[in-house]
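File shown: my_file.txt (compact mmCIF, C-alpha atoms).
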# COMPACT_ATOMS: atom_id res chain seq x y z
CA MET S 1088 81.77 159.44 65.85
CA ALA S 1089 81.09 156.61 63.40
CA ALA S 1090 83.72 153.88 63.10
CA GLN S 1091 85.91 154.15 60.02
CA VAL S 1092 85.03 151.69 57.28
CA ASP S 1093 87.91 149.92 55.53
CA PHE S 1094 87.15 149.61 51.81
CA TRP S 1095 90.54 148.01 51.10
CA GLY S 1096 89.94 144.50 52.39
CA ASP S 1097 92.95 142.17 52.76
CA ILE S 1098 96.04 143.12 50.77
CA GLY S 1099 99.04 140.87 50.07
CA PRO S 1100 101.34 139.92 47.22
CA ALA S 1101 99.69 137.89 44.46
CA VAL S 1102 100.67 134.23 44.43
CA VAL S 1103 102.23 134.27 40.98
CA ARG S 1104 105.76 134.15 39.66
CA THR S 1105 106.49 137.46 38.04
CA PRO S 1106 108.52 137.66 34.84
CA ALA S 1107 111.21 139.48 36.87
CA SER S 1108 111.46 136.68 39.45
CA ILE S 1109 111.74 134.06 36.70
CA MET S 1110 114.49 136.07 35.03
CA ARG S 1111 116.35 136.64 38.33
CA GLU S 1112 116.20 132.94 39.10
CA GLN S 1113 117.97 132.23 35.82
CA ALA S 1114 120.39 135.12 36.31
CA ALA S 1115 121.50 133.64 39.62
CA LEU S 1116 122.40 130.36 37.92
CA LEU S 1117 124.85 131.77 35.38
CA GLY S 1118 127.67 132.47 37.86
CA GLN S 1119 127.75 128.81 38.90
CA LYS S 1120 128.46 127.84 35.30
CA THR S 1121 131.24 130.38 34.76
CA GLN S 1122 133.07 130.29 38.13
CA ASN S 1123 131.50 133.72 38.66
CA LEU S 1124 133.69 135.14 35.87
CA VAL S 1125 130.51 136.17 34.05
CA GLU S 1126 127.45 136.87 36.17
CA ALA S 1127 123.97 138.03 35.25
CA ARG S 1128 121.59 140.44 36.83
CA VAL S 1129 118.19 141.89 36.06
CA ASP S 1130 117.57 145.61 36.33
CA THR S 1131 114.01 146.88 36.57
CA ARG S 1132 112.68 150.31 35.69
CA ALA S 1133 109.50 152.00 34.60
CA ASP S 1134 109.18 152.34 30.84
CA PRO S 1135 109.64 156.01 29.90
CA TYR S 1136 108.14 155.48 26.43
CA ALA S 1137 105.05 153.42 27.07
CA GLY S 1138 103.71 155.65 29.82
CA ALA S 1139 102.75 154.71 33.33
CA GLY S 1140 102.07 151.12 34.24
CA GLN S 1141 104.77 149.47 32.13
CA PHE S 1142 107.69 147.67 33.75
CA VAL S 1143 110.89 147.00 31.85
CA HIS S 1144 113.38 144.35 32.95
CA THR S 1145 116.82 144.25 31.33
CA PHE S 1146 118.80 141.02 31.48
CA LYS S 1147 122.46 141.99 31.78
CA LEU S 1148 125.69 140.01 31.59
CA VAL S 1149 128.35 141.42 33.92
CA VAL S 1150 132.08 140.67 33.92
CA PRO S 1151 133.30 141.66 37.41
CA THR S 1152 137.00 141.33 36.69
CA LEU S 1153 136.74 143.55 33.60
CA ASP S 1154 135.76 146.57 35.66
CA ASP S 1155 132.13 145.44 35.69
CA TYR S 1156 131.81 145.40 31.90
CA THR S 1157 128.09 145.02 31.25
CA TYR S 1158 126.30 143.66 28.19
CA ASP S 1159 122.54 144.06 27.83
CA LEU S 1160 121.31 140.73 26.50
CA PHE S 1161 117.62 141.50 26.10
CA GLU S 1162 114.68 143.34 27.62
CA VAL S 1163 111.12 142.43 28.44
CA SER S 1164 108.30 144.75 29.33
CA HIS S 1165 104.85 144.15 30.72
CA PRO S 1166 101.93 145.97 32.31
CA VAL S 1167 100.97 145.71 35.96
CA SER S 1168 98.84 142.69 35.06
CA LEU S 1169 102.22 140.94 34.34
CA TYR S 1170 101.10 139.35 31.06
CA PRO S 1171 101.37 139.71 28.14
CA VAL S 1172 105.14 140.15 28.23
CA THR S 1173 106.80 141.85 25.29
CA ALA S 1174 110.34 140.61 24.69
CA HIS S 1175 112.83 142.37 22.47
CA GLY S 1176 116.43 143.40 22.06
CA PRO S 1177 118.00 145.84 24.52
CA GLY S 1178 116.70 149.40 24.54
CA ARG S 1179 114.72 150.77 21.64
CA SER S 1180 116.83 148.82 19.17
CA LEU S 1181 116.38 148.81 15.40
CA ALA S 1182 114.86 145.34 15.71
CA TYR S 1183 112.30 146.73 18.13
CA MET S 1184 111.53 149.66 15.87
CA ALA S 1185 111.07 147.22 13.00
CA GLY S 1186 108.49 145.40 15.06
CA LYS S 1187 110.73 142.39 15.82
CA ARG S 1188 109.45 141.52 19.23
CA ASP S 1189 107.67 138.60 20.79
CA GLU S 1190 104.37 138.76 22.64
CA LEU S 1191 104.08 136.14 25.39
CA ASN S 1192 100.66 135.78 26.87
CA THR S 1193 101.21 133.37 29.75
CA GLU S 1194 103.88 132.34 32.23
CA ASP S 1195 104.48 129.12 30.30
CA GLU S 1196 104.92 130.97 27.02
CA PHE S 1197 107.36 133.35 28.69
CA LYS S 1198 109.37 130.52 30.28
CA ASN S 1199 109.63 128.73 26.94
CA TRP S 1200 110.77 131.92 25.26
CA LEU S 1201 113.34 132.53 28.00
CA LYS S 1202 114.63 128.98 27.75
CA ASP S 1203 115.16 129.40 24.00
CA ARG S 1204 116.79 132.80 24.45
CA LEU S 1205 119.22 131.77 27.18
CA GLY S 1206 120.07 128.47 25.54
CA SER S 1207 120.48 129.93 22.06
CA ASP S 1208 123.72 129.71 20.11
CA GLU S 1209 123.84 133.50 20.05
CA THR S 1210 123.75 133.77 23.86
CA LYS S 1211 126.31 131.00 24.27
CA LYS S 1212 128.58 132.74 21.80
CA ILE S 1213 128.34 136.05 23.66
CA ILE S 1214 129.11 134.42 27.02
CA GLY S 1215 131.92 132.39 25.43
CA ASN S 1216 133.44 135.57 24.03
CA LEU S 1217 133.22 137.29 27.41
CA LEU S 1218 134.92 134.31 29.07
CA ALA S 1219 137.62 134.38 26.42
CA GLN S 1220 138.15 138.05 27.10
CA VAL S 1221 138.57 137.37 30.81
CA THR S 1222 140.87 134.40 30.50
CA SER S 1223 143.06 135.66 27.63
CA MET H 1134 124.04 134.94 65.14
CA PRO H 1135 126.04 133.75 62.13
CA SER H 1136 129.78 134.25 61.96
CA THR H 1137 131.80 135.70 59.11
CA ARG H 1138 135.39 134.64 58.57
CA PHE H 1139 138.02 136.97 57.13
CA LEU H 1140 141.36 136.14 55.57
CA PHE H 1141 144.08 138.67 54.78
CA TRP H 1142 147.35 137.95 53.03
CA ASN H 1143 150.03 140.17 51.52
CA ILE H 1144 151.21 137.80 48.77
CA ASN H 1145 154.23 139.90 47.83
CA ARG H 1146 153.56 139.81 44.07
CA LYS H 1147 153.95 136.02 44.02
CA PRO H 1148 151.84 133.70 41.80
CA LEU H 1149 150.01 132.22 44.76
CA ALA H 1150 146.47 131.84 43.39
CA GLU H 1151 146.35 128.12 44.25
CA ALA H 1152 147.71 128.66 47.76
CA VAL H 1153 145.20 131.48 48.32
CA ALA H 1154 142.37 129.24 47.13
CA ASP H 1155 143.45 126.32 49.34
CA LEU H 1156 143.85 128.66 52.29
CA ALA H 1157 140.41 130.20 51.74
CA GLU H 1158 138.88 126.73 51.60
CA GLU H 1159 140.80 125.41 54.60
CA GLN H 1160 139.97 128.47 56.70
CA ARG H 1161 136.36 128.63 55.44
CA ALA H 1162 136.92 132.29 54.63
CA ASP H 1163 133.91 134.36 53.61
CA VAL H 1164 135.92 137.45 52.75
CA VAL H 1165 139.42 137.23 51.26
CA VAL H 1166 141.58 140.34 51.08
CA LEU H 1167 144.92 140.31 49.27
CA ALA H 1168 147.63 142.95 49.18
CA GLU H 1169 150.47 143.19 46.68
CA SER H 1170 148.66 140.98 44.23
CA ARG H 1171 149.90 141.30 40.68
CA LEU H 1172 147.70 138.40 39.58
CA ASP H 1173 144.77 138.92 37.28
CA PRO H 1174 141.70 138.86 39.57
CA ALA H 1175 140.10 136.46 37.07
CA ALA H 1176 142.92 133.95 37.67
CA ILE H 1177 142.37 134.12 41.43
CA LEU H 1178 138.61 133.87 41.01
CA ARG H 1179 139.05 130.77 38.83
CA ALA H 1180 141.30 129.20 41.44
CA LEU H 1181 138.90 130.09 44.26
CA ASN H 1182 136.01 128.52 42.37
CA THR H 1183 137.68 125.42 40.96
CA GLY H 1184 136.56 121.93 41.95
CA ARG H 1185 134.97 121.51 45.34
CA ARG H 1186 135.87 125.05 46.29
CA GLY H 1187 133.64 127.78 45.11
CA GLY H 1188 131.06 130.40 45.50
CA PHE H 1189 133.47 133.33 45.47
CA HIS H 1190 132.64 136.59 43.75
CA PHE H 1191 134.72 139.59 42.77
CA PRO H 1192 132.89 142.67 44.05
CA PRO H 1193 133.31 146.02 42.32
CA GLU H 1194 136.99 146.88 42.57
CA THR H 1195 137.76 149.86 44.73
CA SER H 1196 141.49 149.97 45.27
CA LYS H 1197 144.59 149.32 43.27
CA ARG H 1198 146.42 148.11 46.35
CA VAL H 1199 144.03 145.60 47.82
CA THR H 1200 141.97 142.94 46.06
CA ILE H 1201 138.82 141.59 47.67
CA PHE H 1202 136.83 138.42 47.01
CA THR H 1203 133.78 137.24 48.87
CA ARG H 1204 131.46 134.28 49.11
CA PHE H 1205 128.61 136.70 49.51
CA SER H 1206 126.75 138.04 46.53
CA ARG H 1207 128.67 141.03 45.21
CA ARG H 1208 125.72 143.31 45.81
CA PHE H 1209 126.16 142.82 49.57
CA LEU H 1210 129.71 144.23 49.59
CA ARG H 1211 129.54 147.64 47.99
CA PRO H 1212 132.12 150.41 47.83
CA ALA H 1213 131.48 153.12 50.38
CA PRO H 1214 131.20 156.75 49.22
CA GLU H 1215 134.35 157.70 51.11
CA ASN H 1216 136.30 155.14 49.09
CA ASP H 1217 139.06 156.41 46.83
CA ARG H 1218 140.22 153.98 44.19
CA SER H 1219 143.78 155.26 44.09
CA SER H 1220 144.08 155.03 47.83
CA HIS H 1221 145.92 152.62 50.06
CA MET H 1222 142.59 151.84 51.64
CA ALA H 1223 139.35 150.26 50.36
CA ILE H 1224 136.22 151.05 52.34
CA ARG H 1225 133.27 148.70 51.81
CA ARG H 1226 129.83 148.38 53.29
CA LEU H 1227 128.96 144.76 54.02
CA ALA H 1228 125.17 144.63 54.23
CA LEU H 1229 123.97 141.05 54.58
CA PRO H 1230 120.27 140.17 54.73
CA ALA H 1231 118.80 140.31 58.23
CA ARG H 1232 122.16 141.35 59.73
CA PRO H 1233 123.36 144.80 60.73
CA GLU H 1234 125.55 146.50 58.17
CA ILE H 1235 129.25 146.71 58.97
CA LEU H 1236 132.07 148.67 57.38
CA VAL H 1237 134.99 146.60 56.13
CA VAL H 1238 138.13 148.61 55.58
CA ALA H 1239 141.01 146.88 53.80
CA VAL H 1240 144.39 148.60 53.94
CA HIS H 1241 147.87 148.30 52.56
CA LEU H 1242 149.69 151.27 53.93
CA PRO H 1243 153.00 152.53 52.51
CA SER H 1244 156.13 150.69 53.51
CA LYS H 1245 158.67 152.03 55.94
CA LEU H 1246 161.30 151.09 53.41
CA ARG H 1247 159.97 153.74 51.03
CA LYS H 1248 159.39 156.47 53.58
CA SER H 1249 162.27 158.63 54.69
CA HIS H 1250 160.48 159.69 57.87
CA HIS H 1251 158.40 157.55 60.18
CA GLU H 1252 156.54 160.77 60.95
CA SER H 1253 155.17 160.60 57.40
CA GLN H 1254 153.53 157.27 58.17
CA THR H 1255 151.95 158.73 61.28
CA SER H 1256 150.65 161.71 59.32
CA GLU H 1257 149.12 159.39 56.76
CA CYS H 1258 147.45 157.34 59.49
CA PHE H 1259 145.86 160.54 60.73
CA GLU H 1260 144.32 161.08 57.31
CA TRP H 1261 143.09 157.48 56.92
CA ALA H 1262 141.60 157.43 60.39
CA ARG H 1263 139.80 160.68 59.57
CA ARG H 1264 138.32 159.15 56.42
CA ILE H 1265 137.11 156.08 58.31
CA ILE H 1266 135.38 158.32 60.85
CA ALA H 1267 133.84 160.35 58.00
CA GLU H 1268 132.45 157.15 56.47
CA GLU H 1269 131.14 155.98 59.83
CA GLU H 1270 129.33 159.26 60.25
CA ARG H 1271 127.84 158.90 56.79
CA ALA H 1272 126.81 155.29 57.53
CA GLY H 1273 125.34 156.26 60.90
CA HIS H 1274 127.18 153.58 62.87
CA ARG H 1275 130.64 152.53 64.02
CA ARG H 1276 130.45 148.81 63.32
CA THR H 1277 133.83 148.86 61.62
CA VAL H 1278 136.60 146.35 61.12
CA VAL H 1279 139.93 147.31 59.54
CA LEU H 1280 142.27 144.62 58.25
CA GLY H 1281 145.43 144.57 56.23
CA ASP H 1282 149.10 145.31 56.08
CA PHE H 1283 149.68 148.52 58.04
CA ASN H 1284 153.46 148.42 57.66
CA LEU H 1285 153.45 149.47 61.31
CA ASN H 1286 153.68 147.48 64.51
CA PRO H 1287 150.78 147.69 66.96
CA PHE H 1288 152.84 149.88 69.30
CA GLU H 1289 153.80 152.56 66.77
CA PRO H 1290 152.28 156.06 66.92
CA GLY H 1291 150.25 155.72 63.72
CA LEU H 1292 148.25 152.92 65.32
CA VAL H 1293 148.24 154.18 68.90
CA ALA H 1294 147.84 157.97 68.69
CA ALA H 1295 144.34 159.18 69.51
CA ASN H 1296 144.07 161.25 66.34
CA CYS H 1297 145.35 158.35 64.22
CA PHE H 1298 143.90 154.82 64.54
CA ASN H 1299 143.62 155.10 68.33
CA SER H 1300 143.91 151.33 68.76
CA VAL H 1301 144.51 149.73 72.13
CA MET H 1302 145.65 146.33 73.34
CA SER H 1303 142.79 145.79 75.77
CA ARG H 1304 139.17 145.16 74.89
CA GLN H 1305 138.24 146.38 78.34
CA ILE H 1306 139.80 149.78 77.61
CA ALA H 1307 138.30 149.81 74.11
CA SER H 1308 134.89 149.20 75.65
CA GLY H 1309 135.11 152.79 76.93
CA ARG H 1310 134.31 153.64 73.28
CA SER H 1311 136.47 156.76 73.04
CA ARG H 1312 139.06 158.93 74.72
CA THR H 1313 139.14 162.68 74.91
CA VAL H 1314 142.31 164.59 74.19
CA LEU H 1315 142.38 168.39 74.46
CA GLY H 1316 138.61 168.44 74.37
CA GLN H 1317 138.25 166.30 71.26
CA LYS H 1318 136.75 162.81 71.34
CA PHE H 1319 138.43 160.00 69.39
CA PRO H 1320 136.77 156.57 69.00
CA PHE H 1321 138.82 153.52 69.99
CA PHE H 1322 139.75 150.50 67.99
CA TYR H 1323 140.63 147.26 69.75
CA ASN H 1324 143.83 145.78 68.32
CA PRO H 1325 144.04 142.08 69.25
CA MET H 1326 147.33 141.69 67.35
CA TRP H 1327 149.17 142.92 70.44
CA GLY H 1328 148.67 139.39 71.69
CA HIS H 1329 150.61 138.02 68.72
CA LEU H 1330 153.88 139.85 69.34
CA GLY H 1331 156.59 137.45 70.38
CA ASP H 1332 157.23 133.73 70.41
CA LEU H 1333 154.74 132.55 73.01
CA ARG H 1334 153.14 130.26 70.44
CA GLY H 1335 156.32 128.99 68.75
CA HIS H 1336 159.17 130.08 66.53
CA THR H 1337 156.94 132.30 64.43
CA ALA H 1338 156.96 135.49 66.50
CA GLY H 1339 155.02 137.79 64.16
CA SER H 1340 153.65 138.02 60.63
CA TYR H 1341 156.71 139.57 58.96
CA PHE H 1342 160.43 139.17 59.54
CA TYR H 1343 162.96 141.86 58.69
CA ASN H 1344 166.56 142.01 59.78
CA SER H 1345 168.16 145.42 59.45
CA SER H 1346 171.56 146.78 60.43
CA GLU H 1347 170.06 149.64 62.41
CA HIS H 1348 170.52 149.93 66.16
CA VAL H 1349 166.84 149.37 66.72
CA ASN H 1350 165.89 146.07 65.13
CA TYR H 1351 162.80 144.12 66.14
CA TYR H 1352 163.47 141.26 63.67
CA TRP H 1353 159.86 140.13 63.98
CA ASN H 1354 156.99 142.50 63.20
CA VAL H 1355 153.23 142.28 63.29
CA PHE H 1356 152.41 144.49 60.34
CA ASP H 1357 149.39 142.40 59.33
CA GLN H 1358 146.59 143.28 61.69
CA VAL H 1359 142.91 143.57 62.40
CA LEU H 1360 141.39 146.52 64.28
CA ILE H 1361 137.86 146.24 65.63
CA ARG H 1362 135.57 148.96 66.92
CA PRO H 1363 134.10 148.36 70.38
CA GLU H 1364 130.68 148.01 68.72
CA LEU H 1365 131.87 144.73 67.15
CA VAL H 1366 134.21 143.46 69.86
CA GLY H 1367 131.45 141.41 71.50
CA GLY H 1368 131.37 139.22 68.39
CA PHE H 1369 135.12 138.70 68.24
CA ASP H 1370 136.63 135.52 69.64
CA SER H 1371 140.38 135.95 70.23
CA SER H 1372 140.96 132.21 69.91
CA GLN H 1373 139.82 132.38 66.27
CA LEU H 1374 142.48 134.97 65.38
CA ARG H 1375 145.56 133.30 63.98
CA ILE H 1376 148.71 134.01 62.05
CA VAL H 1377 148.71 131.11 59.60
CA ALA H 1378 151.93 129.16 59.08
CA SER H 1379 150.75 126.35 56.80
CA VAL H 1380 148.25 125.54 54.07
CA GLY H 1381 147.46 121.85 53.92
CA GLN H 1382 150.81 120.10 53.74
CA ARG H 1383 152.60 123.25 52.61
CA HIS H 1384 154.61 125.20 55.15
CA LEU H 1385 154.58 128.96 54.70
CA VAL H 1386 157.50 129.18 57.14
CA ARG H 1387 160.96 127.67 57.28
CA ALA H 1388 162.22 125.46 60.12
CA ASN H 1389 163.25 128.58 62.06
CA GLY H 1390 159.67 129.85 61.93
CA ARG H 1391 160.39 132.69 59.52
CA PRO H 1392 158.23 133.21 56.41
CA ASN H 1393 159.38 131.24 53.39
CA GLY H 1394 159.47 134.24 51.07
CA THR H 1395 161.01 132.20 48.27
CA ASP H 1396 158.16 129.79 47.69
CA PHE H 1397 155.39 131.86 49.25
CA SER H 1398 155.28 135.39 50.66
CA ASP H 1399 157.48 137.29 53.09
CA HIS H 1400 154.25 138.01 55.00
CA LEU H 1401 152.09 135.41 56.72
CA PRO H 1402 148.31 135.41 56.37
CA ILE H 1403 145.97 136.24 59.22
CA VAL H 1404 142.47 134.84 59.76
CA PHE H 1405 139.75 135.82 62.19
CA GLU H 1406 136.04 135.53 62.73
CA LEU H 1407 133.34 138.05 63.59
CA VAL H 1408 129.85 137.30 64.80
CA PHE H 1409 127.39 140.09 64.03
Just give me the structure of the file as structure tokens.
Amino acid sequence: MAAQVDFWGDIGPAVVRTPASIMREQAALLGQKTQNLVEARVDTRADPYAGAGQFVHTFKLVVPTLDDYTYDLFEVSHPVSLYPVTAHGPGRSLAYMAGKRDELNTEDEFKNWLKDRLGSDETKKIIGNLLAQVTS
Amino acid sequence: MPSTRFLFWNINRKPLAEAVADLAEEQRADVVVLAESRLDPAAILRALNTGRRGGFHFPPETSKRVTIFTRFSRRFLRPAPENDRSSHMAIRRLALPARPEILVVAVHLPSKLRKSHHESQTSECFEWARRIIAEEERAGHRRTVVLGDFNLNPFEPGLVAANCFNSVMSRQIASGRSRTVLGQKFPFFYNPMWGHLGDLRGHTAGSYFYNSSEHVNYYWNVFDQVLIRPELVGGFDSSQLRIVASVGQRHLVRANGRPNGTDFSDHLPIVFELVF
């Protein structure tokens, strides 16, 4: 009997930082800034609209002491090739439908977009309001 | 193997967030369980994470009667399916990376003062013990630790009876894993709090003091306890189990050793460590 031939070659994880890992890294930092009163997490799912091959990551703000109140801050989606990343509001929002989304072609572009999004006045206001809700 | 330190305190509805935070820091607690807390969990979390303290999280709440905080990420301490939010008992699965999962059961059982019959307490213990066993069967292991205010002494039927908590004073007996009564097997708990009855260590002869006018009066009680399944007993060091009488410079007891229920709680905290 002839020996089996392995067509697969060596398989291992690609040495790249995925959009999800970059987002999770930032999510883990939020609790330290809020005494863990507001935490962040990233949920990943397959995109039911764009067909197979699309990943969707939702960046969520969670308030543990308010019965795990959760606010979806934004979503990004990308194909299995990781880039380009499409960033938009949570879910299939009106902004998304109106074509208001950002296309980010590289890791650096995505990191710059994420930095702007997390450091924006809008995000700070949302987190500030959640903290006020907790401490009032 | 790494150790995990637990702190339990019935704070008797007192505003003791700062004392809890100092105690957690001083005792290097990884899991903090409070009973009779009327404080906003956010206020306790702020205190726990203020200044050089920190790293505590508030995992998904699972009981109105016990409040749990942990230094571990909240995703590692999840409510177990058998948990019932309205219950006197919170059942959690503590699943830490590269460590075997354990069940952490936090209890605050009904007070004797509000029960007309002690038999009612025993009956309730039967039901809670049954639910713990059901959760263990669902989890596929018996690596379980139960901590809290049982409102029972270690020698009372609810803690001793085979079909209730079936807890014994000897780890050697507990190592037999279970006892069979009328053909039915009941798994043991080891109850190390037996060793904390009485004044061998000083004036503080228990975790709770109550003086009644009844003929039978123990004065001192050990209502605040930890029960450990034989599967975890190997990682339990008796010398690390303590009834705590002070936090920093603050004394939780008066000169006669009894809890200072005016400034603190009428119960004293307990701390212990598990290696698993």
With chain S as the partner and 6 Å as the cut-off, tabulate the residues of chain H that qualify, each row holding the nearest pair of atoms and their distance in Å to one decimal, using only C-alpha atoms, sorted by chain and rising number, as CSV.
residue,atom,partner,partner_atom,distance
H:Ala1175,CA,S:Thr1152,CA,5.8
H:Asn1182,CA,S:Gln1122,CA,5.5
H:His1190,CA,S:Asn1123,CA,6.0
H:Phe1191,CA,S:Pro1151,CA,5.9
> Any idea what's packed within 6 Å of region 1189-1191 of chain S, counting all atoms listed in the file, ignoring anything in its chain fewer than 3 positions away? Could you give it as a ChimeraX atom specification?
Replying inline: /S:1171-1174,1196-1197
Need the neighbours of (143.7, 154.0, 65.5): which residues are at most 10 Å away, counting all atoms listed in the file, as a PDB file with C-alpha atoms, keeping the file's coordinate frame?
ATOM      1  CA  CYS H1258     147.450 157.340  59.490  1.00  0.00           C
ATOM      2  CA  PHE H1259     145.860 160.540  60.730  1.00  0.00           C
ATOM      3  CA  TRP H1261     143.090 157.480  56.920  1.00  0.00           C
ATOM      4  CA  ALA H1262     141.600 157.430  60.390  1.00  0.00           C
ATOM      5  CA  ARG H1263     139.800 160.680  59.570  1.00  0.00           C
ATOM      6  CA  ILE H1265     137.110 156.080  58.310  1.00  0.00           C
ATOM      7  CA  VAL H1279     139.930 147.310  59.540  1.00  0.00           C
ATOM      8  CA  PRO H1287     150.780 147.690  66.960  1.00  0.00           C
ATOM      9  CA  PRO H1290     152.280 156.060  66.920  1.00  0.00           C
ATOM     10  CA  GLY H1291     150.250 155.720  63.720  1.00  0.00           C
ATOM     11  CA  LEU H1292     148.250 152.920  65.320  1.00  0.00           C
ATOM     12  CA  VAL H1293     148.240 154.180  68.900  1.00  0.00           C
ATOM     13  CA  ALA H1294     147.840 157.970  68.690  1.00  0.00           C
ATOM     14  CA  ALA H1295     144.340 159.180  69.510  1.00  0.00           C
ATOM     15  CA  ASN H1296     144.070 161.250  66.340  1.00  0.00           C
ATOM     16  CA  CYS H1297     145.350 158.350  64.220  1.00  0.00           C
ATOM     17  CA  PHE H1298     143.900 154.820  64.540  1.00  0.00           C
ATOM     18  CA  ASN H1299     143.620 155.100  68.330  1.00  0.00           C
ATOM     19  CA  SER H1300     143.910 151.330  68.760  1.00  0.00           C
ATOM     20  CA  VAL H1301     144.510 149.730  72.130  1.00  0.00           C
ATOM     21  CA  PHE H1319     138.430 160.000  69.390  1.00  0.00           C
ATOM     22  CA  PRO H1320     136.770 156.570  69.000  1.00  0.00           C
ATOM     23  CA  PHE H1321     138.820 153.520  69.990  1.00  0.00           C
ATOM     24  CA  PHE H1322     139.750 150.500  67.990  1.00  0.00           C
ATOM     25  CA  TYR H1323     140.630 147.260  69.750  1.00  0.00           C
ATOM     26  CA  ASN H1324     143.830 145.780  68.320  1.00  0.00           C
ATOM     27  CA  LEU H1360     141.390 146.520  64.280  1.00  0.00           C
ATOM     28  CA  ILE H1361     137.860 146.240  65.630  1.00  0.00           C
ATOM     29  CA  ARG H1362     135.570 148.960  66.920  1.00  0.00           C
TER      30      ARG H1362
END
>> Would you pick out the contacts of Thr1395 (chain H) at 12 Å or less, using all atoms listed in the file, so that residues sharing its chain but fewer than 2 positions from it are not included, and give the list as an MDAnalysis selection string?
In response: chainID H and resid 1144:1149 1384:1387 1391:1393 1397:1400
>> I want to know what sits within 9 Å of region 1206-1212 of chain H, based on only C-alpha atoms, with residues of the same chain fewer than 6 positions away left out; could you give that as number ranges by chain?
In response: H: 1188-1195, 1223-1230, 1237
